[in-house]
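Student: Hey, dropping data-v4.txt in here, compact mmCIF, C-alpha atoms and all ligand atoms:
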# COMPACT_ATOMS: atom_id res chain seq x y z
CA MET A 1 85.42 111.58 109.13
CA SER A 2 82.41 112.65 111.18
CA ASP A 3 82.56 111.76 114.85
CA ALA A 4 78.99 112.14 116.03
CA ASP A 5 79.63 109.85 119.01
CA GLY A 6 82.66 111.85 120.14
CA ALA A 7 84.63 108.59 120.27
CA ILE A 8 87.76 109.96 118.62
CA GLY A 9 90.09 111.25 121.31
CA GLU A 10 93.65 112.51 121.35
CA VAL A 11 95.65 111.75 118.22
CA LEU A 12 98.57 109.55 119.29
CA VAL A 13 100.15 108.95 115.87
CA ALA A 14 99.50 111.46 113.10
CA ALA A 15 98.98 110.40 109.48
CA GLU A 16 102.30 111.87 108.31
CA ASP A 17 104.19 110.05 111.09
CA LEU A 18 102.55 106.77 110.04
CA GLU A 19 103.56 107.39 106.41
CA ARG A 20 107.15 108.21 107.33
CA ARG A 21 107.54 105.22 109.66
CA VAL A 22 106.00 102.80 107.15
CA ARG A 23 108.51 104.04 104.54
CA GLU A 24 111.38 103.50 107.01
CA LEU A 25 110.18 100.02 107.93
CA GLY A 26 109.80 99.14 104.23
CA ALA A 27 113.38 100.23 103.56
CA GLU A 28 114.70 98.30 106.56
CA ILE A 29 112.81 95.11 105.63
CA SER A 30 113.93 95.43 101.99
CA ARG A 31 117.58 95.63 103.14
CA ASP A 32 117.24 92.71 105.56
CA TYR A 33 115.53 90.44 103.02
CA ALA A 34 117.57 91.40 99.95
CA GLY A 35 117.95 88.40 97.65
CA ARG A 36 115.17 86.51 99.43
CA ASP A 37 111.55 85.94 98.71
CA LEU A 38 109.15 86.99 101.44
CA VAL A 39 105.73 85.79 102.56
CA MET A 40 103.91 88.49 104.52
CA ILE A 41 101.13 87.27 106.76
CA GLY A 42 98.55 89.89 107.71
CA VAL A 43 96.51 89.29 110.82
CA LEU A 44 92.90 90.24 110.05
CA LYS A 45 91.31 92.62 110.27
CA GLY A 46 93.39 95.27 112.01
CA ALA A 47 96.59 94.84 109.98
CA VAL A 48 94.93 95.38 106.59
CA LEU A 49 95.78 99.07 106.14
CA PHE A 50 99.29 98.66 107.51
CA ILE A 51 100.19 95.63 105.37
CA ALA A 52 98.80 97.28 102.22
CA ASP A 53 100.94 100.38 102.79
CA LEU A 54 104.00 98.42 103.93
CA MET A 55 104.10 96.09 100.93
CA ARG A 56 104.10 99.08 98.56
CA GLU A 57 107.38 100.15 100.16
CA LEU A 58 109.12 96.78 99.68
CA GLU A 59 111.72 96.27 97.02
CA VAL A 60 111.95 92.49 97.47
CA PRO A 61 109.60 89.96 95.87
CA CYS A 62 106.76 89.31 98.27
CA GLU A 63 103.57 87.33 98.61
CA ILE A 64 100.69 88.16 100.88
CA ASP A 65 98.49 85.83 102.87
CA PHE A 66 96.08 86.35 105.75
CA MET A 67 95.04 84.72 108.98
CA ALA A 68 92.12 85.58 111.20
CA VAL A 69 92.17 84.66 114.86
CA SER A 70 89.89 85.37 117.74
CA SER A 71 90.76 85.52 121.35
CA TYR A 72 88.49 83.84 123.85
CA GLY A 73 89.06 86.66 126.33
CA SER A 74 86.91 89.76 126.72
CA ALA A 75 87.17 92.56 124.18
CA THR A 76 89.75 94.44 126.21
CA ASP A 77 91.61 91.62 127.90
CA SER A 78 93.25 88.85 125.92
CA SER A 79 93.18 85.36 127.43
CA GLY A 80 95.89 83.84 125.28
CA VAL A 81 93.50 81.12 124.14
CA VAL A 82 93.17 81.72 120.45
CA ARG A 83 90.95 80.19 117.82
CA ILE A 84 91.95 80.22 114.14
CA LEU A 85 88.97 81.58 112.17
CA LYS A 86 90.78 81.69 108.84
CA ASP A 87 93.99 79.85 108.12
CA LEU A 88 96.64 80.62 105.50
CA ASP A 89 95.89 79.70 101.88
CA ALA A 90 99.38 78.35 101.25
CA ALA A 91 102.02 76.31 103.07
CA ILE A 92 104.96 78.21 104.62
CA GLU A 93 107.40 75.33 105.05
CA GLY A 94 110.90 76.49 104.06
CA ARG A 95 109.72 80.09 103.45
CA ASP A 96 110.86 83.42 104.89
CA VAL A 97 107.80 84.57 106.80
CA LEU A 98 107.02 88.00 108.23
CA VAL A 99 103.94 88.28 110.44
CA VAL A 100 102.40 91.75 110.18
CA GLU A 101 100.38 92.82 113.22
CA ASP A 102 98.45 95.97 113.98
CA ILE A 103 99.13 96.08 117.71
CA VAL A 104 100.76 93.92 120.35
CA ASP A 105 99.16 94.44 123.73
CA SER A 106 99.62 91.59 126.24
CA GLY A 107 101.37 89.65 123.46
CA LEU A 108 99.34 86.52 124.17
CA THR A 109 97.66 86.40 120.75
CA LEU A 110 100.95 86.78 118.92
CA HIS A 111 102.64 84.26 121.20
CA TYR A 112 100.07 81.64 120.22
CA LEU A 113 100.24 82.57 116.54
CA LEU A 114 104.03 82.29 116.46
CA LYS A 115 103.91 78.89 118.13
CA THR A 116 101.43 77.64 115.52
CA LEU A 117 103.41 79.04 112.59
CA HIS A 118 106.75 77.83 113.94
CA ALA A 119 105.42 74.26 113.93
CA ARG A 120 104.99 74.55 110.14
CA GLU A 121 108.77 74.86 109.79
CA PRO A 122 109.27 78.12 107.92
CA ARG A 123 112.87 78.97 107.05
CA SER A 124 112.59 82.13 109.12
CA LEU A 125 109.81 83.72 111.14
CA GLU A 126 109.82 87.40 112.18
CA VAL A 127 107.26 89.93 113.32
CA CYS A 128 106.53 93.48 112.23
CA ALA A 129 104.08 95.26 114.55
CA LEU A 130 102.88 98.78 113.86
CA LEU A 131 102.14 99.52 117.52
CA THR A 132 103.13 98.00 120.83
CA LYS A 133 102.11 98.76 124.41
CA PRO A 134 105.19 97.67 126.37
CA GLU A 135 103.50 98.36 129.74
CA ARG A 136 100.90 95.69 129.06
CA ARG A 137 103.22 92.92 127.87
CA ARG A 138 102.73 89.59 129.65
CA VAL A 139 104.99 87.39 127.53
CA ASP A 140 108.41 88.14 126.14
CA LEU A 141 108.26 88.19 122.36
CA PRO A 142 110.87 88.69 119.67
CA ILE A 143 109.39 91.59 117.67
CA ARG A 144 111.95 92.42 115.02
CA TYR A 145 110.27 95.54 113.60
CA VAL A 146 108.18 97.99 115.63
CA GLY A 147 106.46 101.08 114.28
CA PHE A 148 105.66 102.96 117.48
CA GLU A 149 105.58 102.27 121.20
CA ILE A 150 102.42 103.78 122.66
CA PRO A 151 101.11 104.25 126.21
CA ASN A 152 98.50 102.01 127.75
CA ARG A 153 95.43 103.48 126.04
CA PHE A 154 92.80 101.81 123.86
CA VAL A 155 93.40 103.12 120.35
CA ILE A 156 91.43 103.31 117.12
CA GLY A 157 92.19 104.14 113.52
CA TYR A 158 94.54 103.02 110.74
CA GLY A 159 92.99 99.54 110.83
CA LEU A 160 92.11 99.43 114.52
CA ASP A 161 88.45 99.38 115.46
CA HIS A 162 86.01 99.96 118.22
CA GLY A 163 82.91 97.85 117.55
CA GLN A 164 84.17 97.39 113.95
CA ARG A 165 84.18 101.13 113.29
CA TYR A 166 86.93 103.76 112.88
CA ARG A 167 89.31 101.45 110.97
CA ASN A 168 89.35 103.98 108.12
CA LEU A 169 90.89 106.86 110.08
CA ARG A 170 94.21 107.94 108.56
CA TYR A 171 95.72 108.39 112.03
CA VAL A 172 95.78 106.52 115.35
CA ALA A 173 93.78 108.10 118.17
CA ALA A 174 92.84 107.20 121.71
CA LEU A 175 89.23 106.12 122.21
CA ASN A 176 87.12 108.45 124.31
CA GLU A 177 85.16 106.10 126.56
P1 LIG B 201 97.09 90.77 122.85
O1 LIG B 201 96.88 89.30 122.72
O2 LIG B 201 98.48 91.23 122.47
O3 LIG B 201 96.72 91.26 124.24
O4 LIG B 201 96.02 91.50 121.94
C1 LIG B 201 96.21 91.68 120.61
C2 LIG B 201 94.94 92.06 119.88
O5 LIG B 201 94.03 92.80 120.73
C3 LIG B 201 95.29 93.01 118.76
O6 LIG B 201 95.66 92.32 117.58
C4 LIG B 201 94.02 93.82 118.61
O7 LIG B 201 93.10 93.13 117.80
C5 LIG B 201 93.48 93.89 120.03
N1 LIG B 201 93.90 95.15 120.67
C6 LIG B 201 94.82 95.30 121.66
N2 LIG B 201 94.94 96.59 122.01
C7 LIG B 201 94.08 97.29 121.22
C8 LIG B 201 93.76 98.69 121.10
O8 LIG B 201 94.28 99.58 121.79
N3 LIG B 201 92.82 99.01 120.16
C9 LIG B 201 92.21 98.08 119.37
N4 LIG B 201 91.31 98.52 118.50
N5 LIG B 201 92.49 96.75 119.46
C10 LIG B 201 93.42 96.37 120.37
Can the structure from this file be put into structure tokens for me?
Ligand code: 5GP
Tutor:
Amino acid sequence: MSDADGAIGEVLVAAEDLERRVRELGAEISRDYAGRDLVMIGVLKGAVLFIADLMRELEVPCEIDFMAVSSYGSATDSSGVVRILKDLDAAIEGRDVLVVEDIVDSGLTLHYLLKTLHAREPRSLEVCALLTKPERRRVDLPIRYVGFEIPNRFVIGYGLDHGQRYRNLRYVAALNE
């Protein structure tokens, strides 16, 4: 992809490493959910590429649904106050639910989301996050599946944007500011 603005910095996770890790996560989730029937919830828009690749690796029956949330904080600092912009299409009561996130930074967005979903009484509720920034975490969260731990940099690519662009990169890179 052309990078006229010079925004694409150091590559932190290469395309082939993403592919390999997504295959591993798919195998692990398939083992853990064998004999069950999964509902995957993608958090828009960043998780779209990840969830599409991940579900192709699953060997258990699965459904897909989406939620969109927005944080009231600034673009780079989450406030933990979250507004639901798009809710799930279907009920999750009694279902095995896996929330699929692009990145967990402070963890405040996910913390709110889990609280909301838990109240709907799913049979189980777990999280699969492609990326996490442990240094930035402000709440302790049970993230069952993690793709990669990355340093405290703002990243773009593989679903992650800067001003809605760069989601289509096949790799994850730091943003040159
Ligand atoms: P948290 O509530 O965990 O602080 O923030 C989570 C959300 O902030 C993510 O779902 C993502 O939308 C956004 N975010 C956090 N870090 C990054 C980053 O490095 N790059 C991009 N593009 N978005 C990020």
Student: Taking all listed atoms of ligand LIG 201 (chain B), build the axis-aligned box, pad each of the six sides by 5 Å, then write its centre and edge lengths in Å to one decimal as JSON.
Tutor:
{"center_x": 94.9, "center_y": 94.4, "center_z": 120.9, "size_x": 17.2, "size_y": 20.3, "size_z": 16.7}
Student: I'd like to know which of A:Asp37, A:Glu16, A:Glu24, A:Glu101 is closest to ligand LIG 201 (chain B), using all atoms listed in the file.
Tutor: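 Once distances to ligand LIG 201 (chain B) are computed over all atoms listed in the file, the minimum belongs to A:Glu101.
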Student: Show which residues sit within 9 Å of range 145-153 of chain A, as a PyMOL selection string. Count only C-alpha atoms, and ignore same-chain residues fewer than 5 positions away.
Tutor: chain A and resi 12-13+18+21-22+25+28-29+105+126-136+174-175
Student: Could you write out that same residue set with C-alpha atoms as a CSV table (one decimal), keeping the file's coordinate frame?
Tutor:
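Written output follows (out_5.csv):
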chain,number,residue,atom,x,y,z
A,12,LEU,CA,98.6,109.6,119.3
A,13,VAL,CA,100.2,109.0,115.9
A,18,LEU,CA,102.6,106.8,110.0
A,21,ARG,CA,107.5,105.2,109.7
A,22,VAL,CA,106.0,102.8,107.2
A,25,LEU,CA,110.2,100.0,107.9
A,28,GLU,CA,114.7,98.3,106.6
A,29,ILE,CA,112.8,95.1,105.6
A,105,ASP,CA,99.2,94.4,123.7
A,126,GLU,CA,109.8,87.4,112.2
A,127,VAL,CA,107.3,89.9,113.3
A,128,CYS,CA,106.5,93.5,112.2
A,129,ALA,CA,104.1,95.3,114.6
A,130,LEU,CA,102.9,98.8,113.9
A,131,LEU,CA,102.1,99.5,117.5
A,132,THR,CA,103.1,98.0,120.8
A,133,LYS,CA,102.1,98.8,124.4
A,134,PRO,CA,105.2,97.7,126.4
A,135,GLU,CA,103.5,98.4,129.7
A,136,ARG,CA,100.9,95.7,129.1
A,174,ALA,CA,92.8,107.2,121.7
A,175,LEU,CA,89.2,106.1,122.2
Student: Which is closest to ligand LIG 201 (chain B) among A:Ala119, A:Val43, A:Met67, A:Leu160, if we use only C-alpha atoms and all ligand atoms?
Tutor: A:Leu160
Student: What is the distance, in Å and to one decimal place, between CA of Tyr33 in chain A and CA of Leu141 in chain A?
Tutor: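 About the pair CA of Tyr33 in chain A and CA of Leu141 in chain A: they are 20.8 Å apart.
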Student: When you count only C-alpha atoms, which of these residues is closest to Ala34 in chain A: A:Asp96, A:Asn176, A:Lys86, A:Ile64?
Tutor: A:Asp96
Student: Scan for residues within 8 Å of the point (94.8, 110.5, 115.4) in the coordinates of the file, using only C-alpha atoms, and reply as a PyMOL selection string.
Tutor: chain A and resi 8-15+157+169-174
Student: Considering only C-alpha atoms, can you say which of A:Gly26, A:Gly35, A:Gly6, A:Gly46 comes closest to Asp161 in chain A?
Tutor: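 Checking each candidate against Asp161 in chain A, we get A:Gly46 as the closest.
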Student: How far is it from CA of Leu108 in chain A to CA of Val82 in chain A, in Å with one decimal?
Tutor: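 CA of Leu108 in chain A sits 8.7 Å away from CA of Val82 in chain A.
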Student: Could you please determine the separation between atom C6 of ligand LIG 201 (chain B) and CA of Ile51 in chain A in Å, to one decimal place?
Tutor: 17.2 Å
Student: Which residue, A:Leu44, A:Val60, A:Val99, A:Ile84, has the smallest gap to ligand LIG 201 (chain B) when you use all atoms listed in the file?
Tutor: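 With all atoms listed in the file as the atom set, the closest residue is A:Leu44.
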Student: For ligand LIG 201 (chain B), which residue among A:Val97, A:Val39, A:Ala68, A:Leu125 is the nearest when counting only C-alpha atoms and all ligand atoms?
Tutor: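 Ranking A:Val97, A:Val39, A:Ala68, A:Leu125 by distance to ligand LIG 201 (chain B), first place goes to A:Ala68.
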Student: Counting all atoms listed in the file, find residues at most 12 Å from (102.8, 76.7, 114.0) (file frame) and give them as an MDAnalysis selection string.
Tutor: chainID A and resid 84 87:88 91:93 97 110:122 125
